[in-house]
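Shown here: data.txt, compact mmCIF, C-alpha atoms.
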```txt
# COMPACT_ATOMS: atom_id res chain seq x y z
CA MET A 260 13.00 -16.30 20.51
CA LEU A 261 9.45 -16.29 19.18
CA TYR A 262 8.28 -13.47 16.92
CA LYS A 263 6.38 -10.91 19.00
CA PRO A 264 3.96 -8.73 17.04
CA GLY A 265 4.51 -4.99 17.26
CA LEU A 266 1.90 -2.26 17.55
CA HIS A 267 1.07 -0.23 14.42
CA ILE A 268 -1.08 2.86 15.01
CA LEU A 269 -2.68 4.44 11.94
CA ALA A 270 -4.65 7.65 12.37
CA LYS A 271 -6.24 10.54 10.58
CA LEU A 272 -6.11 13.91 12.33
CA GLY A 273 -8.12 17.07 11.65
CA LYS A 274 -8.64 20.58 13.00
CA CYS A 275 -4.85 21.01 13.04
CA ASN A 276 -2.86 24.14 13.81
CA ASN A 277 -2.73 25.74 10.38
CA GLN A 278 0.93 26.72 10.60
CA LYS A 279 2.31 23.48 12.06
CA ILE A 280 0.58 21.36 9.42
CA LYS A 281 2.62 23.17 6.74
CA SER A 282 6.15 22.93 8.10
CA ALA A 283 8.48 19.93 7.98
CA LEU A 284 11.21 22.05 9.58
CA GLN A 285 9.08 22.85 12.62
CA ILE A 286 8.15 19.25 13.49
CA LYS A 287 11.63 17.76 13.16
CA PRO A 288 12.91 18.71 16.66
CA ILE A 289 9.71 17.28 18.20
CA ILE A 290 10.36 13.94 16.51
CA ASP A 291 14.10 13.98 17.23
CA THR A 292 13.49 14.71 20.91
CA PHE A 293 10.91 11.94 21.22
CA ILE A 294 13.26 9.43 19.58
CA ALA A 295 16.13 10.42 21.88
CA ASN A 296 14.03 10.44 25.06
CA ASN A 297 12.57 7.02 24.34
CA GLN A 298 15.77 5.23 23.37
CA LEU A 299 14.58 4.55 19.84
CA CYS A 300 17.19 4.29 17.09
CA ASN A 301 16.92 6.47 13.96
CA LEU A 302 18.46 4.61 11.01
CA GLY A 303 17.70 7.30 8.44
CA GLU A 304 14.97 9.75 7.54
CA VAL A 305 13.32 11.69 4.76
CA TYR A 306 11.67 15.07 5.33
CA HIS A 307 10.08 16.47 2.20
CA GLN A 308 8.49 19.91 2.06
CA PHE A 309 6.05 20.17 -0.83
CA SER A 310 6.28 23.54 -2.55
CA GLU A 311 2.52 24.03 -2.82
CA ALA A 312 1.69 22.94 0.76
CA GLY A 313 2.23 20.25 3.33
CA PHE A 314 5.06 17.85 4.01
CA THR A 315 5.98 14.22 4.44
CA ALA A 316 8.24 12.92 7.18
CA ILE A 317 9.38 9.31 7.24
CA ILE A 318 11.76 8.01 9.87
CA CYS A 319 13.26 4.55 9.60
CA LEU A 320 13.84 3.11 13.07
CA SER A 321 15.61 -0.06 14.12
CA GLU A 322 12.21 -0.71 15.78
CA SER A 323 10.35 -0.20 12.42
CA HIS A 324 9.16 3.22 11.23
CA LEU A 325 6.99 6.26 11.55
CA SER A 326 5.41 8.42 8.87
CA ILE A 327 3.50 11.69 8.73
CA HIS A 328 1.80 13.00 5.59
CA THR A 329 0.10 16.39 5.89
CA TRP A 330 -2.59 17.92 3.66
CA PRO A 331 -3.09 21.54 4.75
CA GLU A 332 -5.51 22.12 1.87
CA HIS A 333 -7.80 19.49 3.44
CA ASP A 334 -6.78 20.04 7.09
CA ILE A 335 -5.78 16.37 7.31
CA VAL A 336 -2.72 14.59 8.72
CA ASN A 337 -2.21 10.90 8.02
CA PHE A 338 -0.08 9.39 10.75
CA ASP A 339 1.59 6.00 11.27
CA ILE A 340 3.85 4.60 13.93
CA TYR A 341 4.88 0.97 13.93
CA LEU A 342 7.21 -0.25 16.68
CA SER A 343 8.54 -3.76 17.09
CA ASN A 344 8.20 -5.45 20.46
CA GLN A 345 11.04 -7.85 19.76
CA GLU A 346 13.84 -6.40 21.90
CA LYS A 347 11.55 -4.71 24.42
CA VAL A 348 7.81 -3.97 24.64
CA ASN A 349 7.22 -0.63 22.88
CA ASN A 350 3.42 -0.42 22.90
CA ASN A 351 3.33 2.44 25.40
CA THR A 352 6.02 4.28 23.45
CA ALA A 353 3.94 4.02 20.27
CA LYS A 354 0.86 5.32 22.10
CA SER A 355 2.89 8.10 23.68
CA PHE A 356 4.27 9.18 20.30
CA PHE A 357 0.76 9.24 18.88
CA GLU A 358 -0.37 11.48 21.77
CA THR A 359 2.69 13.70 21.25
CA ILE A 360 1.83 14.23 17.59
CA VAL A 361 -1.88 14.88 18.24
CA SER A 362 -0.88 17.38 20.89
CA TYR A 363 1.77 18.99 18.66
CA PHE A 364 -0.74 19.61 15.86
CA GLU A 365 -3.38 20.68 18.45
CA ALA A 366 -5.52 18.26 16.47
CA THR A 367 -8.67 16.18 16.74
CA VAL A 368 -8.40 12.45 16.00
CA ILE A 369 -10.85 11.76 13.15
CA ASN A 370 -10.14 8.04 13.28
CA SER A 371 -7.46 5.64 14.46
CA GLN A 372 -6.63 1.95 14.27
CA PHE A 373 -4.39 -0.04 16.58
CA ILE A 374 -3.09 -3.13 14.78
CA GLU A 375 -0.84 -5.80 16.29
CA ARG A 376 1.33 -7.22 13.57
CA MET B 84 -10.72 19.29 -4.81
CA LEU B 85 -12.09 16.95 -2.15
CA TYR B 86 -9.71 14.72 -0.22
CA LYS B 87 -9.74 11.25 -1.79
CA PRO B 88 -8.63 8.44 0.53
CA GLY B 89 -5.68 6.36 -0.63
CA LEU B 90 -5.23 2.61 -0.34
CA HIS B 91 -2.89 1.30 2.39
CA ILE B 92 -2.03 -2.40 2.13
CA LEU B 93 -0.47 -3.99 5.23
CA ALA B 94 0.64 -7.61 5.01
CA LYS B 95 2.64 -10.32 6.70
CA LEU B 96 4.46 -12.76 4.42
CA GLY B 97 5.97 -16.14 5.24
CA LYS B 98 7.69 -19.09 3.55
CA CYS B 99 10.04 -16.60 1.88
CA ASN B 100 13.07 -17.34 -0.26
CA ASN B 101 15.75 -17.62 2.42
CA GLN B 102 18.35 -15.61 0.52
CA LYS B 103 16.11 -12.78 -0.71
CA ILE B 104 14.72 -12.14 2.76
CA LYS B 105 18.25 -11.31 3.94
CA SER B 106 19.42 -8.83 1.32
CA ALA B 107 18.53 -5.14 1.04
CA LEU B 108 20.90 -4.84 -1.92
CA GLN B 109 19.08 -7.52 -3.87
CA ILE B 110 15.58 -6.03 -3.56
CA LYS B 111 16.52 -2.44 -4.41
CA PRO B 112 16.44 -2.82 -8.24
CA ILE B 113 13.04 -4.54 -8.00
CA ILE B 114 11.64 -1.54 -6.11
CA ASP B 115 13.39 1.03 -8.32
CA THR B 116 12.06 -0.62 -11.48
CA PHE B 117 8.53 -0.78 -10.13
CA ILE B 118 8.62 2.91 -9.16
CA ALA B 119 9.96 3.92 -12.59
CA ASN B 120 7.53 1.73 -14.54
CA ASN B 121 4.52 3.04 -12.62
CA GLN B 122 5.37 6.75 -12.74
CA LEU B 123 5.67 7.00 -8.97
CA CYS B 124 8.03 9.63 -7.55
CA ASN B 125 10.77 8.61 -5.09
CA LEU B 126 11.47 11.56 -2.74
CA GLY B 127 14.09 9.75 -0.67
CA GLU B 128 14.78 6.32 0.77
CA VAL B 129 16.47 4.39 3.55
CA TYR B 130 17.82 0.87 3.06
CA HIS B 131 19.29 -0.59 6.23
CA GLN B 132 21.01 -3.97 6.31
CA PHE B 133 21.06 -5.37 9.85
CA SER B 134 24.35 -7.05 10.62
CA GLU B 135 22.78 -10.07 12.30
CA ALA B 136 20.05 -10.68 9.70
CA GLY B 137 17.33 -9.02 7.72
CA PHE B 138 16.82 -5.53 6.41
CA THR B 139 14.48 -2.57 6.36
CA ALA B 140 13.62 -0.60 3.24
CA ILE B 141 11.56 2.58 3.44
CA ILE B 142 10.81 4.66 0.37
CA CYS B 143 9.19 8.07 0.68
CA LEU B 144 7.02 8.74 -2.37
CA SER B 145 5.22 11.90 -3.40
CA GLU B 146 2.22 9.51 -3.35
CA SER B 147 2.97 8.48 0.31
CA HIS B 148 5.32 5.60 1.19
CA LEU B 149 6.25 1.95 1.21
CA SER B 150 8.09 -0.07 3.81
CA ILE B 151 9.50 -3.57 4.08
CA HIS B 152 10.84 -5.05 7.33
CA THR B 153 12.30 -8.56 7.10
CA TRP B 154 12.86 -11.09 9.89
CA PRO B 155 14.80 -14.04 8.40
CA GLU B 156 15.11 -15.61 11.86
CA HIS B 157 11.30 -15.89 11.92
CA ASP B 158 10.74 -16.21 8.14
CA ILE B 159 8.51 -13.14 8.26
CA VAL B 160 8.27 -10.02 6.10
CA ASN B 161 6.14 -7.09 7.24
CA PHE B 162 5.06 -5.10 4.23
CA ASP B 163 3.25 -1.75 3.74
CA ILE B 164 2.35 0.28 0.73
CA TYR B 165 0.25 3.40 1.01
CA LEU B 166 -0.53 5.37 -2.16
CA SER B 167 -2.55 8.55 -2.39
CA ASN B 168 -5.36 8.73 -4.92
CA GLN B 169 -5.30 12.51 -5.00
CA GLU B 170 -3.59 13.19 -8.33
CA LYS B 171 -4.65 9.91 -9.95
CA VAL B 172 -6.19 6.67 -8.74
CA ASN B 173 -3.36 4.41 -7.59
CA ASN B 174 -5.28 1.47 -6.08
CA ASN B 175 -4.27 -0.94 -8.83
CA THR B 176 -0.66 0.21 -8.59
CA ALA B 177 -0.66 -0.52 -4.84
CA LYS B 178 -2.11 -3.99 -5.45
CA SER B 179 0.36 -4.62 -8.25
CA PHE B 180 3.29 -3.64 -6.04
CA PHE B 181 2.02 -5.97 -3.32
CA GLU B 182 1.87 -8.83 -5.86
CA THR B 183 5.35 -7.93 -7.12
CA ILE B 184 6.79 -8.18 -3.62
CA VAL B 185 4.99 -11.44 -2.77
CA SER B 186 6.26 -12.89 -6.04
CA TYR B 187 9.80 -11.55 -5.46
CA PHE B 188 10.07 -13.23 -2.06
CA GLU B 189 8.35 -16.38 -3.48
CA ALA B 190 6.24 -15.98 -0.35
CA THR B 191 2.91 -16.98 1.12
CA VAL B 192 0.61 -14.22 2.39
CA ILE B 193 -0.03 -14.99 6.08
CA ASN B 194 -2.44 -12.07 6.40
CA SER B 195 -3.23 -8.78 4.72
CA GLN B 196 -5.40 -5.73 5.27
CA PHE B 197 -6.60 -3.24 2.68
CA ILE B 198 -7.41 0.08 4.35
CA GLU B 199 -8.78 3.17 2.61
CA ARG B 200 -7.53 6.24 4.40
```

Rewrite the structure of this file - the entire thing - as structure tokens.
Amino acid sequence: MLYKPGLHILAKLGKCNNQKIKSALQIKPIIDTFIANNQLCNLGEVYHQFSEAGFTAIICLSESHLSIHTWPEHDIVNFDIYLSNQEKVNNNTAKSFFETIVSYFEATVINSQFIER
Amino acid sequence: MLYKPGLHILAKLGKCNNQKIKSALQIKPIIDTFIANNQLCNLGEVYHQFSEAGFTAIICLSESHLSIHTWPEHDIVNFDIYLSNQEKVNNNTAKSFFETIVSYFEATVINSQFIER
């Protein structure tokens, strides 16, 4: 079977909800639900709450990974989702997750890149 | 303090050493040593060895993250490192880690992108 590039979405978000951008605990069920509803496979994860502000969430998927780094002091979220298309085509799932996260943070997309790799 | 974009390097490697591309266990000390020698901070990690072939390694850093997805059946490694420049400028560290990984896999760089974000 030929290698099929997957879609990697990188984005910077701004004008976020100023409570949600601070809390790793609050976003976890949103991510867990999305993974379950879209038949993705979580292989392991790291949620880290910084004491001063913000959090990092990284989820390792059998389809690749997703990461969220928040900077409440700058009102910025750096977002990545990268999903393989090898077993099935996941492009729409990647786009849907991106929309879910933008909606969750009630954010504006400052910039985004869609890279097939 | 203004937000300072960090460097994210995305790359696809080929012509890899056909043993190293298969083993999560073998690469771990290379990554651990690099992190220790460059004063990066590992907040948590996931190493997943796929039973059929290949592995995924994702390391959450206080400076952001790195990820390695290997596809021995296609002789492809998908590599990411993303390091914040907020506390100190880490661009050279990101480039050095990229070179370390290319050298480790004895690989050819098929393509790479350097994104400031």

Would you mind aligning chain B to chain A, a least-squares fit over all C-alpha atoms taken in order, and returning the superposed chain as a PDB file with C-alpha atoms, in the frame of the given file?
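out20.pdb, written as the output of this step:
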```pdb
ATOM      1  CA  MET B  84      12.988 -16.273  20.517  1.00  0.00           C
ATOM      2  CA  LEU B  85       9.432 -16.275  19.181  1.00  0.00           C
ATOM      3  CA  TYR B  86       8.286 -13.459  16.918  1.00  0.00           C
ATOM      4  CA  LYS B  87       6.379 -10.909  19.008  1.00  0.00           C
ATOM      5  CA  PRO B  88       3.961  -8.721  17.039  1.00  0.00           C
ATOM      6  CA  GLY B  89       4.513  -4.977  17.257  1.00  0.00           C
ATOM      7  CA  LEU B  90       1.890  -2.259  17.550  1.00  0.00           C
ATOM      8  CA  HIS B  91       1.065  -0.230  14.412  1.00  0.00           C
ATOM      9  CA  ILE B  92      -1.071   2.863  15.014  1.00  0.00           C
ATOM     10  CA  LEU B  93      -2.676   4.431  11.925  1.00  0.00           C
ATOM     11  CA  ALA B  94      -4.636   7.647  12.373  1.00  0.00           C
ATOM     12  CA  LYS B  95      -6.239  10.545  10.575  1.00  0.00           C
ATOM     13  CA  LEU B  96      -6.098  13.918  12.327  1.00  0.00           C
ATOM     14  CA  GLY B  97      -8.096  17.066  11.637  1.00  0.00           C
ATOM     15  CA  LYS B  98      -8.627  20.581  13.006  1.00  0.00           C
ATOM     16  CA  CYS B  99      -4.841  21.008  13.027  1.00  0.00           C
ATOM     17  CA  ASN B 100      -2.859  24.130  13.819  1.00  0.00           C
ATOM     18  CA  ASN B 101      -2.725  25.747  10.382  1.00  0.00           C
ATOM     19  CA  GLN B 102       0.940  26.715  10.598  1.00  0.00           C
ATOM     20  CA  LYS B 103       2.310  23.472  12.063  1.00  0.00           C
ATOM     21  CA  ILE B 104       0.591  21.353   9.429  1.00  0.00           C
ATOM     22  CA  LYS B 105       2.618  23.164   6.755  1.00  0.00           C
ATOM     23  CA  SER B 106       6.152  22.920   8.111  1.00  0.00           C
ATOM     24  CA  ALA B 107       8.489  19.918   8.003  1.00  0.00           C
ATOM     25  CA  LEU B 108      11.215  22.041   9.593  1.00  0.00           C
ATOM     26  CA  GLN B 109       9.076  22.840  12.606  1.00  0.00           C
ATOM     27  CA  ILE B 110       8.147  19.245  13.488  1.00  0.00           C
ATOM     28  CA  LYS B 111      11.636  17.760  13.148  1.00  0.00           C
ATOM     29  CA  PRO B 112      12.900  18.704  16.660  1.00  0.00           C
ATOM     30  CA  ILE B 113       9.703  17.289  18.193  1.00  0.00           C
ATOM     31  CA  ILE B 114      10.361  13.935  16.504  1.00  0.00           C
ATOM     32  CA  ASP B 115      14.104  13.976  17.237  1.00  0.00           C
ATOM     33  CA  THR B 116      13.485  14.701  20.921  1.00  0.00           C
ATOM     34  CA  PHE B 117      10.900  11.955  21.215  1.00  0.00           C
ATOM     35  CA  ILE B 118      13.250   9.424  19.590  1.00  0.00           C
ATOM     36  CA  ALA B 119      16.134  10.423  21.885  1.00  0.00           C
ATOM     37  CA  ASN B 120      14.024  10.456  25.055  1.00  0.00           C
ATOM     38  CA  ASN B 121      12.561   7.019  24.338  1.00  0.00           C
ATOM     39  CA  GLN B 122      15.787   5.246  23.363  1.00  0.00           C
ATOM     40  CA  LEU B 123      14.571   4.560  19.840  1.00  0.00           C
ATOM     41  CA  CYS B 124      17.185   4.293  17.083  1.00  0.00           C
ATOM     42  CA  ASN B 125      16.901   6.479  13.962  1.00  0.00           C
ATOM     43  CA  LEU B 126      18.466   4.605  11.004  1.00  0.00           C
ATOM     44  CA  GLY B 127      17.700   7.296   8.435  1.00  0.00           C
ATOM     45  CA  GLU B 128      14.965   9.753   7.544  1.00  0.00           C
ATOM     46  CA  VAL B 129      13.315  11.701   4.752  1.00  0.00           C
ATOM     47  CA  TYR B 130      11.670  15.081   5.321  1.00  0.00           C
ATOM     48  CA  HIS B 131      10.083  16.484   2.182  1.00  0.00           C
ATOM     49  CA  GLN B 132       8.504  19.932   2.062  1.00  0.00           C
ATOM     50  CA  PHE B 133       6.040  20.183  -0.829  1.00  0.00           C
ATOM     51  CA  SER B 134       6.270  23.536  -2.546  1.00  0.00           C
ATOM     52  CA  GLU B 135       2.514  24.024  -2.795  1.00  0.00           C
ATOM     53  CA  ALA B 136       1.668  22.935   0.767  1.00  0.00           C
ATOM     54  CA  GLY B 137       2.233  20.252   3.327  1.00  0.00           C
ATOM     55  CA  PHE B 138       5.055  17.861   4.016  1.00  0.00           C
ATOM     56  CA  THR B 139       5.978  14.228   4.448  1.00  0.00           C
ATOM     57  CA  ALA B 140       8.248  12.929   7.190  1.00  0.00           C
ATOM     58  CA  ILE B 141       9.380   9.308   7.240  1.00  0.00           C
ATOM     59  CA  ILE B 142      11.769   8.008   9.870  1.00  0.00           C
ATOM     60  CA  CYS B 143      13.262   4.537   9.596  1.00  0.00           C
ATOM     61  CA  LEU B 144      13.842   3.113  13.073  1.00  0.00           C
ATOM     62  CA  SER B 145      15.610  -0.062  14.113  1.00  0.00           C
ATOM     63  CA  GLU B 146      12.217  -0.710  15.781  1.00  0.00           C
ATOM     64  CA  SER B 147      10.353  -0.211  12.421  1.00  0.00           C
ATOM     65  CA  HIS B 148       9.150   3.214  11.231  1.00  0.00           C
ATOM     66  CA  LEU B 149       6.971   6.271  11.546  1.00  0.00           C
ATOM     67  CA  SER B 150       5.410   8.422   8.870  1.00  0.00           C
ATOM     68  CA  ILE B 151       3.498  11.683   8.734  1.00  0.00           C
ATOM     69  CA  HIS B 152       1.793  12.989   5.582  1.00  0.00           C
ATOM     70  CA  THR B 153       0.107  16.392   5.871  1.00  0.00           C
ATOM     71  CA  TRP B 154      -2.598  17.901   3.657  1.00  0.00           C
ATOM     72  CA  PRO B 155      -3.093  21.539   4.758  1.00  0.00           C
ATOM     73  CA  GLU B 156      -5.508  22.107   1.863  1.00  0.00           C
ATOM     74  CA  HIS B 157      -7.797  19.488   3.443  1.00  0.00           C
ATOM     75  CA  ASP B 158      -6.769  20.032   7.097  1.00  0.00           C
ATOM     76  CA  ILE B 159      -5.776  16.374   7.311  1.00  0.00           C
ATOM     77  CA  VAL B 160      -2.727  14.590   8.717  1.00  0.00           C
ATOM     78  CA  ASN B 161      -2.205  10.895   8.010  1.00  0.00           C
ATOM     79  CA  PHE B 162      -0.085   9.400  10.741  1.00  0.00           C
ATOM     80  CA  ASP B 163       1.592   5.988  11.268  1.00  0.00           C
ATOM     81  CA  ILE B 164       3.839   4.599  13.917  1.00  0.00           C
ATOM     82  CA  TYR B 165       4.872   0.972  13.924  1.00  0.00           C
ATOM     83  CA  LEU B 166       7.206  -0.259  16.677  1.00  0.00           C
ATOM     84  CA  SER B 167       8.538  -3.766  17.093  1.00  0.00           C
ATOM     85  CA  ASN B 168       8.198  -5.442  20.470  1.00  0.00           C
ATOM     86  CA  GLN B 169      11.032  -7.847  19.774  1.00  0.00           C
ATOM     87  CA  GLU B 170      13.833  -6.382  21.891  1.00  0.00           C
ATOM     88  CA  LYS B 171      11.529  -4.700  24.414  1.00  0.00           C
ATOM     89  CA  VAL B 172       7.822  -3.954  24.614  1.00  0.00           C
ATOM     90  CA  ASN B 173       7.221  -0.635  22.864  1.00  0.00           C
ATOM     91  CA  ASN B 174       3.405  -0.421  22.895  1.00  0.00           C
ATOM     92  CA  ASN B 175       3.325   2.431  25.395  1.00  0.00           C
ATOM     93  CA  THR B 176       6.019   4.277  23.460  1.00  0.00           C
ATOM     94  CA  ALA B 177       3.932   4.014  20.271  1.00  0.00           C
ATOM     95  CA  LYS B 178       0.860   5.335  22.096  1.00  0.00           C
ATOM     96  CA  SER B 179       2.893   8.106  23.684  1.00  0.00           C
ATOM     97  CA  PHE B 180       4.280   9.177  20.314  1.00  0.00           C
ATOM     98  CA  PHE B 181       0.760   9.230  18.881  1.00  0.00           C
ATOM     99  CA  GLU B 182      -0.363  11.486  21.763  1.00  0.00           C
ATOM    100  CA  THR B 183       2.699  13.695  21.264  1.00  0.00           C
ATOM    101  CA  ILE B 184       1.845  14.223  17.606  1.00  0.00           C
ATOM    102  CA  VAL B 185      -1.867  14.863  18.237  1.00  0.00           C
ATOM    103  CA  SER B 186      -0.889  17.382  20.902  1.00  0.00           C
ATOM    104  CA  TYR B 187       1.766  18.986  18.656  1.00  0.00           C
ATOM    105  CA  PHE B 188      -0.726  19.609  15.853  1.00  0.00           C
ATOM    106  CA  GLU B 189      -3.374  20.683  18.447  1.00  0.00           C
ATOM    107  CA  ALA B 190      -5.518  18.261  16.461  1.00  0.00           C
ATOM    108  CA  THR B 191      -8.659  16.185  16.731  1.00  0.00           C
ATOM    109  CA  VAL B 192      -8.408  12.451  16.013  1.00  0.00           C
ATOM    110  CA  ILE B 193     -10.845  11.757  13.150  1.00  0.00           C
ATOM    111  CA  ASN B 194     -10.143   8.026  13.290  1.00  0.00           C
ATOM    112  CA  SER B 195      -7.465   5.634  14.464  1.00  0.00           C
ATOM    113  CA  GLN B 196      -6.632   1.948  14.274  1.00  0.00           C
ATOM    114  CA  PHE B 197      -4.385  -0.044  16.584  1.00  0.00           C
ATOM    115  CA  ILE B 198      -3.083  -3.131  14.783  1.00  0.00           C
ATOM    116  CA  GLU B 199      -0.841  -5.805  16.289  1.00  0.00           C
ATOM    117  CA  ARG B 200       1.342  -7.244  13.577  1.00  0.00           C
TER     118      ARG B 200
END
```

Long-range neighbours of Gly313 (chain A) as a list in words, 6 Å cut-off, only C-alpha atoms, 4 positions minimum in chain: Lys281, Phe309, Thr329, Trp330 and Pro331 of chain A

How big is the axis-aligned box around the listed atoms of region 176-186 of chain B once 8 Å is added on each side, and where is its centre? Give both in Å to one decimal, as lines of an AutoDock Vina configuration file.
```
center_x = 2.3
center_y = -6.3
center_z = -5.7
size_x = 24.9
size_y = 29.1
size_z = 21.8
```

query: Please, what distance in Å, to one decimal, runs between CA of Glu304 (chain A) and CA of Leu144 (chain B)?
result: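 CA of Glu304 (chain A) sits 12.7 Å away from CA of Leu144 (chain B).
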
field: Interface list for chain A, partner chain B, 8 Å threshold, all atoms listed in the file, as an MDAnalysis selection string
entry: chainID A and resid 261:262 271 302:305 307 315 317 319 323 328 333 337 376

Using the selection just defined, write its residues with C-alpha atoms as a compact mmCIF listing (two decimals), in the coordinates of the input.
```txt
# COMPACT_ATOMS: atom_id res chain seq x y z
CA LEU A 261 9.45 -16.29 19.18
CA TYR A 262 8.28 -13.47 16.92
CA LYS A 271 -6.24 10.54 10.58
CA LEU A 302 18.46 4.61 11.01
CA GLY A 303 17.70 7.30 8.44
CA GLU A 304 14.97 9.75 7.54
CA VAL A 305 13.32 11.69 4.76
CA HIS A 307 10.08 16.47 2.20
CA THR A 315 5.98 14.22 4.44
CA ILE A 317 9.38 9.31 7.24
CA CYS A 319 13.26 4.55 9.60
CA SER A 323 10.35 -0.20 12.42
CA HIS A 328 1.80 13.00 5.59
CA HIS A 333 -7.80 19.49 3.44
CA ASN A 337 -2.21 10.90 8.02
CA ARG A 376 1.33 -7.22 13.57
```

Among listed residues A:Asp339, A:Glu346, A:Asp291, A:Glu358, nearest His91 (chain B) (using all atoms listed in the file):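 Closest residue, counting all atoms listed in the file: A:Asp339.
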
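Straight-line separation from CA of Thr292 (chain A) to CA of Gln372 (chain A): 24.7 Å.
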
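Atom pair CA of Lys103 (chain B) / CA of Thr191 (chain B): separated by 14.0 Å.
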
message: Residues near Asn349 (chain A), anyone? I mean within 12 Å using only C-alpha atoms, not counting same-chain ones fewer than 2 positions away, as a ChimeraX atom specification.
response: /A:263-268,297-299,322-323,340-347,351-356,375

field: Ile289 (chain A) surroundings by all atoms listed in the file, 9 Å radius, close-in-sequence under 6 positions cut, as an NGL selection string
entry: :A and (359-360 or 363)
